[in-house]
file run_6.cif (mmCIF, C-alpha atoms)
data_coords
#
loop_
_atom_site.group_PDB
_atom_site.id
_atom_site.type_symbol
_atom_site.label_atom_id
_atom_site.label_comp_id
_atom_site.auth_asym_id
_atom_site.auth_seq_id
_atom_site.Cartn_x
_atom_site.Cartn_y
_atom_site.Cartn_z
ATOM 1 C CA MET A 210 80.851 -100.677 -19.246
ATOM 2 C CA ASN A 211 77.374 -101.886 -18.490
ATOM 3 C CA ILE A 212 76.347 -101.514 -22.129
ATOM 4 C CA PHE A 213 79.300 -103.681 -23.288
ATOM 5 C CA THR A 214 78.467 -106.433 -20.826
ATOM 6 C CA LYS A 215 74.870 -106.628 -21.985
ATOM 7 C CA VAL A 216 75.908 -106.889 -25.602
ATOM 8 C CA ALA A 217 78.396 -109.668 -24.856
ATOM 9 C CA VAL A 218 75.827 -111.760 -22.996
ATOM 10 C CA THR A 219 73.294 -111.333 -25.769
ATOM 11 C CA GLY A 220 75.812 -112.542 -28.340
ATOM 12 C CA LEU A 221 76.521 -115.669 -26.301
ATOM 13 C CA ALA A 222 72.831 -116.512 -26.165
ATOM 14 C CA LEU A 223 72.527 -116.176 -29.932
ATOM 15 C CA SER A 224 75.547 -118.441 -30.393
ATOM 16 C CA LEU A 225 74.088 -121.283 -28.211
ATOM 17 C CA SER A 226 70.688 -121.190 -29.894
ATOM 18 C CA SER A 227 72.217 -121.950 -33.248
ATOM 19 C CA PHE A 228 72.989 -125.644 -32.204
ATOM 20 C CA ALA A 229 70.157 -128.347 -32.565
ATOM 21 C CA SER A 230 69.157 -130.518 -29.510
ATOM 22 C CA ALA A 231 70.982 -133.898 -29.457
ATOM 23 C CA ALA A 232 69.259 -137.337 -28.815
ATOM 24 C CA ILE A 233 70.665 -140.853 -28.258
ATOM 25 C CA SER A 234 68.943 -144.235 -27.722
ATOM 26 C CA GLY A 235 69.893 -147.788 -26.776
ATOM 27 C CA SER A 236 68.020 -151.131 -26.867
ATOM 28 C CA THR A 237 68.050 -154.189 -24.608
ATOM 29 C CA ASP A 238 67.652 -157.756 -25.872
ATOM 30 C CA PHE A 239 65.804 -159.839 -23.242
ATOM 31 C CA ARG A 240 65.894 -163.625 -23.539
ATOM 32 C CA VAL A 241 64.410 -166.503 -21.544
ATOM 33 C CA THR A 242 65.630 -170.096 -21.453
ATOM 34 C CA LEU A 243 63.158 -172.754 -20.309
ATOM 35 C CA PRO A 244 64.399 -176.093 -19.063
ATOM 36 C CA GLU A 245 62.964 -179.338 -20.357
ATOM 37 C CA VAL A 246 59.872 -180.160 -18.296
ATOM 38 C CA LEU A 247 58.509 -183.708 -18.053
ATOM 39 C CA VAL A 248 55.342 -184.485 -16.073
ATOM 40 C CA LEU A 249 53.837 -187.992 -15.952
ATOM 41 C CA TYR A 250 50.450 -188.641 -14.356
ATOM 42 C CA HIS A 251 49.329 -192.235 -13.806
ATOM 43 C CA TRP A 252 47.069 -194.501 -11.769
ATOM 44 C CA ASP A 253 48.730 -196.070 -8.755
ATOM 45 C CA ASP A 254 46.202 -198.857 -8.171
ATOM 46 C CA ALA A 255 43.350 -200.417 -10.173
ATOM 47 C CA VAL A 256 40.884 -203.220 -9.378
ATOM 48 C CA LEU A 257 38.649 -204.979 -11.919
ATOM 49 C CA ASN A 258 35.630 -206.708 -10.355
ATOM 50 C CA LEU A 259 34.289 -209.411 -12.639
ATOM 51 C CA THR A 260 30.644 -210.088 -11.788
ATOM 52 C CA GLU A 261 28.300 -212.812 -12.951
ATOM 53 C CA VAL A 262 25.642 -211.878 -15.523
ATOM 54 C CA LEU A 263 23.168 -214.558 -14.458
ATOM 55 C CA THR A 264 22.297 -214.481 -10.753
ATOM 56 C CA THR A 265 19.234 -215.369 -8.720
ATOM 57 C CA PRO A 266 17.542 -212.703 -6.534
ATOM 58 C CA ALA A 267 17.906 -214.856 -3.418
ATOM 59 C CA ASN A 268 21.587 -215.490 -3.971
ATOM 60 C CA ASP A 269 24.105 -212.861 -5.051
ATOM 61 C CA SER A 270 26.895 -215.377 -5.570
ATOM 62 C CA ASP A 271 28.111 -216.218 -9.068
ATOM 63 C CA ALA A 272 25.881 -219.282 -9.529
ATOM 64 C CA ARG A 273 24.184 -220.519 -12.686
ATOM 65 C CA GLU A 274 22.322 -223.589 -13.889
ATOM 66 C CA ILE A 275 22.820 -224.813 -17.433
ATOM 67 C CA SER A 276 20.659 -227.634 -18.718
ATOM 68 C CA ASP A 277 22.087 -230.131 -21.193
ATOM 69 C CA ALA A 278 18.973 -230.934 -23.266
ATOM 70 C CA THR A 279 20.327 -234.062 -24.958
ATOM 71 C CA THR A 280 18.573 -237.263 -23.834
ATOM 72 C CA ARG A 281 21.040 -239.867 -22.590
ATOM 73 C CA ILE A 282 20.168 -243.562 -23.081
ATOM 74 C CA GLY A 283 21.669 -246.521 -21.286
ATOM 75 C CA THR A 284 20.867 -250.247 -21.005
ATOM 76 C CA ALA A 285 21.006 -252.711 -18.139
ATOM 77 C CA VAL A 286 19.898 -256.297 -17.550
ATOM 78 C CA LEU A 287 16.587 -256.530 -15.767
ATOM 79 C CA GLY A 288 17.222 -257.776 -12.259
ATOM 80 C CA ALA A 289 20.831 -256.552 -12.165
ATOM 81 C CA ALA A 290 21.917 -254.919 -8.899
ATOM 82 C CA THR A 291 23.545 -251.927 -10.648
ATOM 83 C CA ALA A 292 22.965 -249.854 -13.768
ATOM 84 C CA SER A 293 24.656 -246.805 -15.297
ATOM 85 C CA ILE A 294 24.401 -244.403 -18.217
ATOM 86 C CA ASN A 295 27.952 -243.587 -19.321
ATOM 87 C CA THR A 296 27.785 -240.292 -21.227
ATOM 88 C CA ASP A 297 29.596 -237.126 -20.148
ATOM 89 C CA VAL A 298 27.667 -233.912 -19.627
ATOM 90 C CA ASN A 299 28.354 -231.235 -22.242
ATOM 91 C CA THR A 300 30.539 -228.521 -20.685
ATOM 92 C CA THR A 301 31.347 -226.579 -23.875
ATOM 93 C CA SER A 302 28.039 -224.756 -24.391
ATOM 94 C CA ASN A 303 28.588 -222.004 -21.815
ATOM 95 C CA THR A 304 30.110 -219.420 -24.143
ATOM 96 C CA ALA A 305 29.447 -216.640 -21.597
ATOM 97 C CA LEU A 306 32.419 -217.776 -19.531
ATOM 98 C CA ALA A 307 35.139 -216.342 -21.771
ATOM 99 C CA THR A 308 38.678 -217.054 -20.650
ATOM 100 C CA ASN A 309 40.296 -214.226 -22.628
ATOM 101 C CA VAL A 310 39.164 -210.699 -21.757
ATOM 102 C CA ALA A 311 40.231 -207.499 -23.549
ATOM 103 C CA VAL A 312 40.712 -204.823 -20.875
ATOM 104 C CA THR A 313 40.985 -201.041 -21.280
ATOM 105 C CA LEU A 314 42.249 -198.773 -18.514
ATOM 106 C CA LYS A 315 40.626 -195.590 -19.826
ATOM 107 C CA ASN A 316 42.671 -192.370 -19.429
ATOM 108 C CA ALA A 317 45.044 -194.194 -17.075
ATOM 109 C CA TRP A 318 47.929 -191.828 -17.868
ATOM 110 C CA ALA A 319 48.639 -188.262 -18.965
ATOM 111 C CA VAL A 320 51.756 -186.347 -19.987
ATOM 112 C CA ARG A 321 52.757 -182.677 -19.979
ATOM 113 C CA ASN A 322 56.071 -181.758 -21.536
ATOM 114 C CA LEU A 323 58.201 -178.853 -22.706
ATOM 115 C CA SER A 324 60.861 -180.439 -24.842
ATOM 116 C CA SER A 325 62.594 -180.187 -28.187
ATOM 117 C CA ALA A 326 60.837 -180.129 -31.521
ATOM 118 C CA ASN A 327 61.014 -183.927 -31.469
ATOM 119 C CA GLY A 328 58.928 -184.118 -28.268
ATOM 120 C CA VAL A 329 59.223 -186.991 -25.795
ATOM 121 C CA SER A 330 58.532 -190.716 -25.704
ATOM 122 C CA LEU A 331 56.405 -192.756 -23.291
ATOM 123 C CA THR A 332 57.109 -196.476 -22.923
ATOM 124 C CA LEU A 333 54.916 -199.163 -21.350
ATOM 125 C CA THR A 334 56.226 -202.481 -20.051
ATOM 126 C CA ASN A 335 54.466 -205.377 -18.311
ATOM 127 C CA PRO A 336 57.231 -206.628 -15.981
ATOM 128 C CA ASN A 337 54.957 -208.759 -13.795
ATOM 129 C CA THR A 338 52.483 -210.651 -15.963
ATOM 130 C CA SER A 339 51.165 -213.214 -13.468
ATOM 131 C CA LEU A 340 48.386 -212.357 -11.015
ATOM 132 C CA LYS A 341 48.201 -214.947 -8.222
ATOM 133 C CA ASN A 342 45.140 -215.845 -6.208
ATOM 134 C CA VAL A 343 45.619 -214.677 -2.617
ATOM 135 C CA VAL A 344 44.385 -218.030 -1.236
ATOM 136 C CA ASN A 345 45.996 -220.369 -3.764
ATOM 137 C CA ASN A 346 49.057 -218.891 -5.488
ATOM 138 C CA ALA A 347 49.041 -221.737 -8.003
ATOM 139 C CA SER A 348 45.801 -220.315 -9.418
ATOM 140 C CA VAL A 349 46.924 -217.618 -11.874
ATOM 141 C CA ILE A 350 45.525 -214.948 -14.197
ATOM 142 C CA THR A 351 47.912 -213.690 -16.890
ATOM 143 C CA THR A 352 48.232 -210.249 -18.514
ATOM 144 C CA SER A 353 49.652 -209.837 -22.024
ATOM 145 C CA ASN A 354 49.817 -207.631 -25.137
ATOM 146 C CA ALA A 355 49.792 -204.364 -23.175
ATOM 147 C CA VAL A 356 49.981 -201.219 -25.359
ATOM 148 C CA LEU A 357 49.429 -197.457 -25.110
ATOM 149 C CA VAL A 358 46.463 -195.961 -26.972
ATOM 150 C CA SER A 359 45.450 -192.317 -27.494
ATOM 151 C CA ALA A 360 43.460 -190.383 -30.102
ATOM 152 C CA ASN A 361 45.205 -187.083 -29.245
ATOM 153 C CA PRO A 362 46.765 -185.503 -32.380
ATOM 154 C CA LEU A 363 49.994 -184.842 -30.451
ATOM 155 C CA ILE A 364 50.495 -188.633 -30.179
ATOM 156 C CA THR A 365 52.425 -190.630 -32.758
ATOM 157 C CA THR A 366 52.466 -194.428 -33.133
ATOM 158 C CA SER A 367 49.386 -195.050 -30.957
ATOM 159 C CA GLY A 368 48.688 -198.721 -30.228
ATOM 160 C CA THR A 369 52.286 -199.675 -29.471
ATOM 161 C CA THR A 370 54.413 -200.073 -26.367
ATOM 162 C CA THR A 371 56.213 -196.765 -27.084
ATOM 163 C CA VAL A 372 54.432 -193.614 -28.262
ATOM 164 C CA GLY A 373 55.861 -190.258 -29.268
ATOM 165 C CA ILE A 374 54.316 -187.130 -27.738
ATOM 166 C CA LYS A 375 54.960 -183.719 -29.286
ATOM 167 C CA SER A 376 56.033 -180.850 -27.048
ATOM 168 C CA GLY A 377 53.249 -178.912 -25.340
ATOM 169 C CA PHE A 378 52.181 -178.214 -21.761
ATOM 170 C CA THR A 379 48.520 -179.082 -22.313
ATOM 171 C CA PRO A 380 47.949 -182.555 -20.798
ATOM 172 C CA VAL A 381 47.831 -185.432 -23.295
ATOM 173 C CA LEU A 382 45.709 -188.343 -22.000
ATOM 174 C CA GLY A 383 45.751 -191.989 -23.030
ATOM 175 C CA ASP A 384 44.699 -195.562 -22.253
ATOM 176 C CA ILE A 385 46.398 -198.843 -21.437
ATOM 177 C CA THR A 386 44.885 -201.838 -23.216
ATOM 178 C CA PHE A 387 45.818 -205.486 -22.619
ATOM 179 C CA ASN A 388 44.494 -209.055 -22.580
ATOM 180 C CA LEU A 389 43.504 -210.954 -19.440
ATOM 181 C CA ASP A 390 43.803 -214.760 -19.611
ATOM 182 C CA LEU A 391 41.529 -216.530 -17.107
ATOM 183 C CA SER A 392 42.161 -220.068 -18.364
ATOM 184 C CA THR A 393 44.349 -221.055 -15.390
ATOM 185 C CA ALA A 394 42.286 -219.287 -12.716
ATOM 186 C CA ASN A 395 40.881 -222.037 -10.470
ATOM 187 C CA ASN A 396 39.864 -220.064 -7.369
ATOM 188 C CA ALA A 397 37.516 -217.189 -6.580
ATOM 189 C CA GLY A 398 38.772 -214.055 -4.875
ATOM 190 C CA GLU A 399 41.464 -211.441 -5.386
ATOM 191 C CA TYR A 400 44.382 -211.911 -7.755
ATOM 192 C CA ASN A 401 47.503 -209.716 -7.831
ATOM 193 C CA THR A 402 51.208 -210.021 -8.614
ATOM 194 C CA ARG A 403 52.152 -210.639 -4.971
ATOM 195 C CA GLY A 404 49.523 -213.239 -4.065
ATOM 196 C CA VAL A 405 48.734 -211.291 -0.882
ATOM 197 C CA THR A 406 45.514 -209.352 -0.253
ATOM 198 C CA GLY A 407 45.594 -205.580 -0.860
ATOM 199 C CA ALA A 408 47.436 -202.980 -2.898
ATOM 200 C CA SER A 409 51.217 -202.947 -3.126
ATOM 201 C CA PRO A 410 52.982 -200.490 -0.783
ATOM 202 C CA ASP A 411 54.207 -197.242 -2.353
ATOM 203 C CA THR A 412 57.875 -198.087 -1.860
ATOM 204 C CA VAL A 413 60.732 -199.045 -4.162
ATOM 205 C CA THR A 414 60.160 -202.696 -3.325
ATOM 206 C CA GLY A 415 56.386 -202.424 -3.618
ATOM 207 C CA ASN A 416 56.527 -200.565 -6.932
ATOM 208 C CA GLY A 417 58.795 -203.306 -8.258
ATOM 209 C CA THR A 418 55.907 -205.772 -7.975
ATOM 210 C CA ASP A 419 53.415 -203.631 -9.944
ATOM 211 C CA THR A 420 51.892 -205.056 -13.104
ATOM 212 C CA PHE A 421 52.691 -202.183 -15.469
ATOM 213 C CA LEU A 422 55.531 -199.656 -15.672
ATOM 214 C CA LEU A 423 55.423 -196.304 -17.522
ATOM 215 C CA THR A 424 58.658 -194.513 -18.432
ATOM 216 C CA LEU A 425 58.716 -190.951 -19.825
ATOM 217 C CA THR A 426 61.921 -189.999 -21.697
ATOM 218 C CA GLY A 427 62.906 -186.529 -22.932
ATOM 219 C CA ASN A 428 64.846 -185.619 -26.081
ATOM 220 C CA VAL A 429 66.738 -182.455 -25.129
ATOM 221 C CA PRO A 430 70.516 -183.121 -25.254
ATOM 222 C CA THR A 431 72.416 -182.658 -21.976
ATOM 223 C CA PRO A 432 74.733 -179.597 -22.200
#
call {"tool": "encode", "arguments": {"input": "run_6.cif", "output": "structure tokens"}}
result
Amino acid sequence: MNIFTKVAVTGLALSLSSFASAAISGSTDFRVTLPEVLVLYHWDDAVLNLTEVLTTPANDSDAREISDATTRIGTAVLGAATASINTDVNTTSNTALATNVAVTLKNAWAVRNLSSANGVSLTLTNPNTSLKNVVNNASVITTSNAVLVSANPLITTSGTTTVGIKSGFTPVLGDITFNLDLSTANNAGEYNTRGVTGASPDTVTGNGTDTFLLTLTGNVPTP
């Protein structure tokens, strides 16, 4: 009886060893969806101080003396109680006082974006073009021809009011360039769009009086 049992067990072991080990595998597909990301950096306030080139050491005000070298000649009757020389002084020779100034706000804005293959667009407007003197609001400096400029290769159509920016999270920097017309400025001192001294408040109303407005627009369709 014991011999039979041992033989039976041995036969079972031989039977199991004749089957190969089985293996099975499975894979997992992992995906990530990123949202469109738009980041706009910009200056909130900027002041341009125009200073005089010709000043005297004893006086730091913007004062200059320009001599009109032409000799003026007049005639009068000898013995007359009055005499005059009626020739206007030449006021056109001072070419240093330019009334139209080309201004560059260097690296005044930057954009990061994760968007579609078409990238995003940045638009510049100049909603408030008149800068009023804070003492005399009738004395005005005017801004015009404002455009966006950048040498970054991710920028398309540089030098226009709307530029395209290809997708990428590395910051893309650029300038704002515009013209400043001083021909109707008749007072010294600060000029701004509100005609009141100081920067505009960072509120909806205050931002509405700012000189320039930047708008960043994405291109990813809304689901």
call {"tool": "closest_residue", "arguments": {"input": "run_6.cif", "among": "A:Gly427, A:Gly383, A:Gly417, A:Gly407", "to": "Thr313 (chain A)", "atoms": "all atoms listed in the file"}}
result
A:Gly383
call {"tool": "resolve_selection", "arguments": {"input": "run_6.cif", "expression": "the PyMOL selection byres ((chain A and resi 327-343) around 9)", "output": "ChimeraX atom specification"}}
result
/A:247,320,322-326,344-357,369-377,385,394-406,417-429
call {"tool": "write_last_selection", "arguments": {"input": "run_6.cif", "atoms": "C-alpha atoms", "output": "compact mmCIF listing (two decimals), in the coordinates of the input"}}
result
# COMPACT_ATOMS: atom_id res chain seq x y z
CA LEU A 247 58.51 -183.71 -18.05
CA VAL A 320 51.76 -186.35 -19.99
CA ASN A 322 56.07 -181.76 -21.54
CA LEU A 323 58.20 -178.85 -22.71
CA SER A 324 60.86 -180.44 -24.84
CA SER A 325 62.59 -180.19 -28.19
CA ALA A 326 60.84 -180.13 -31.52
CA VAL A 344 44.38 -218.03 -1.24
CA ASN A 345 46.00 -220.37 -3.76
CA ASN A 346 49.06 -218.89 -5.49
CA ALA A 347 49.04 -221.74 -8.00
CA SER A 348 45.80 -220.32 -9.42
CA VAL A 349 46.92 -217.62 -11.87
CA ILE A 350 45.52 -214.95 -14.20
CA THR A 351 47.91 -213.69 -16.89
CA THR A 352 48.23 -210.25 -18.51
CA SER A 353 49.65 -209.84 -22.02
CA ASN A 354 49.82 -207.63 -25.14
CA ALA A 355 49.79 -204.36 -23.18
CA VAL A 356 49.98 -201.22 -25.36
CA LEU A 357 49.43 -197.46 -25.11
CA THR A 369 52.29 -199.68 -29.47
CA THR A 370 54.41 -200.07 -26.37
CA THR A 371 56.21 -196.76 -27.08
CA VAL A 372 54.43 -193.61 -28.26
CA GLY A 373 55.86 -190.26 -29.27
CA ILE A 374 54.32 -187.13 -27.74
CA LYS A 375 54.96 -183.72 -29.29
CA SER A 376 56.03 -180.85 -27.05
CA GLY A 377 53.25 -178.91 -25.34
CA ILE A 385 46.40 -198.84 -21.44
CA ALA A 394 42.29 -219.29 -12.72
CA ASN A 395 40.88 -222.04 -10.47
CA ASN A 396 39.86 -220.06 -7.37
CA ALA A 397 37.52 -217.19 -6.58
CA GLY A 398 38.77 -214.06 -4.88
CA GLU A 399 41.46 -211.44 -5.39
CA TYR A 400 44.38 -211.91 -7.76
CA ASN A 401 47.50 -209.72 -7.83
CA THR A 402 51.21 -210.02 -8.61
CA ARG A 403 52.15 -210.64 -4.97
CA GLY A 404 49.52 -213.24 -4.07
CA VAL A 405 48.73 -211.29 -0.88
CA THR A 406 45.51 -209.35 -0.25
CA GLY A 417 58.80 -203.31 -8.26
CA THR A 418 55.91 -205.77 -7.98
CA ASP A 419 53.42 -203.63 -9.94
CA THR A 420 51.89 -205.06 -13.10
CA PHE A 421 52.69 -202.18 -15.47
CA LEU A 422 55.53 -199.66 -15.67
CA LEU A 423 55.42 -196.30 -17.52
CA THR A 424 58.66 -194.51 -18.43
CA LEU A 425 58.72 -190.95 -19.82
CA THR A 426 61.92 -190.00 -21.70
CA GLY A 427 62.91 -186.53 -22.93
CA ASN A 428 64.85 -185.62 -26.08
CA VAL A 429 66.74 -182.46 -25.13
call {"tool": "atom_distance", "arguments": {"input": "run_6.cif", "atom1": "CA of Leu382 (chain A)", "atom2": "CA of Trp318 (chain A)"}}
result
5.8 Å
call {"tool": "atom_distance", "arguments": {"input": "run_6.cif", "atom1": "CA of Val413 (chain A)", "atom2": "CA of Gly368 (chain A)"}}
result
28.7 Å
call {"tool": "closest_residue", "arguments": {"input": "run_6.cif", "among": "A:Trp252, A:Val286, A:Asn258, A:Arg281", "to": "Lys315 (chain A)", "atoms": "all atoms listed in the file"}}
result
A:Trp252
call {"tool": "atom_distance", "arguments": {"input": "run_6.cif", "atom1": "CA of Leu389 (chain A)", "atom2": "CA of Ala307 (chain A)"}}
result
10.2 Å
call {"tool": "resolve_selection", "arguments": {"input": "run_6.cif", "expression": "the PyMOL selection byres ((chain A and resi 310) around 9)", "output": "list in words"}}
result
Ala307, Thr308, Asn309, Ala311, Val312, Phe387, Asn388, Leu389, Asp390 and Leu391 of chain A
call {"tool": "closest_residue", "arguments": {"input": "run_6.cif", "among": "A:Asp254, A:Asn416, A:Pro244, A:Thr379", "to": "Arg321 (chain A)", "atoms": "only C-alpha atoms"}}
result
A:Thr379
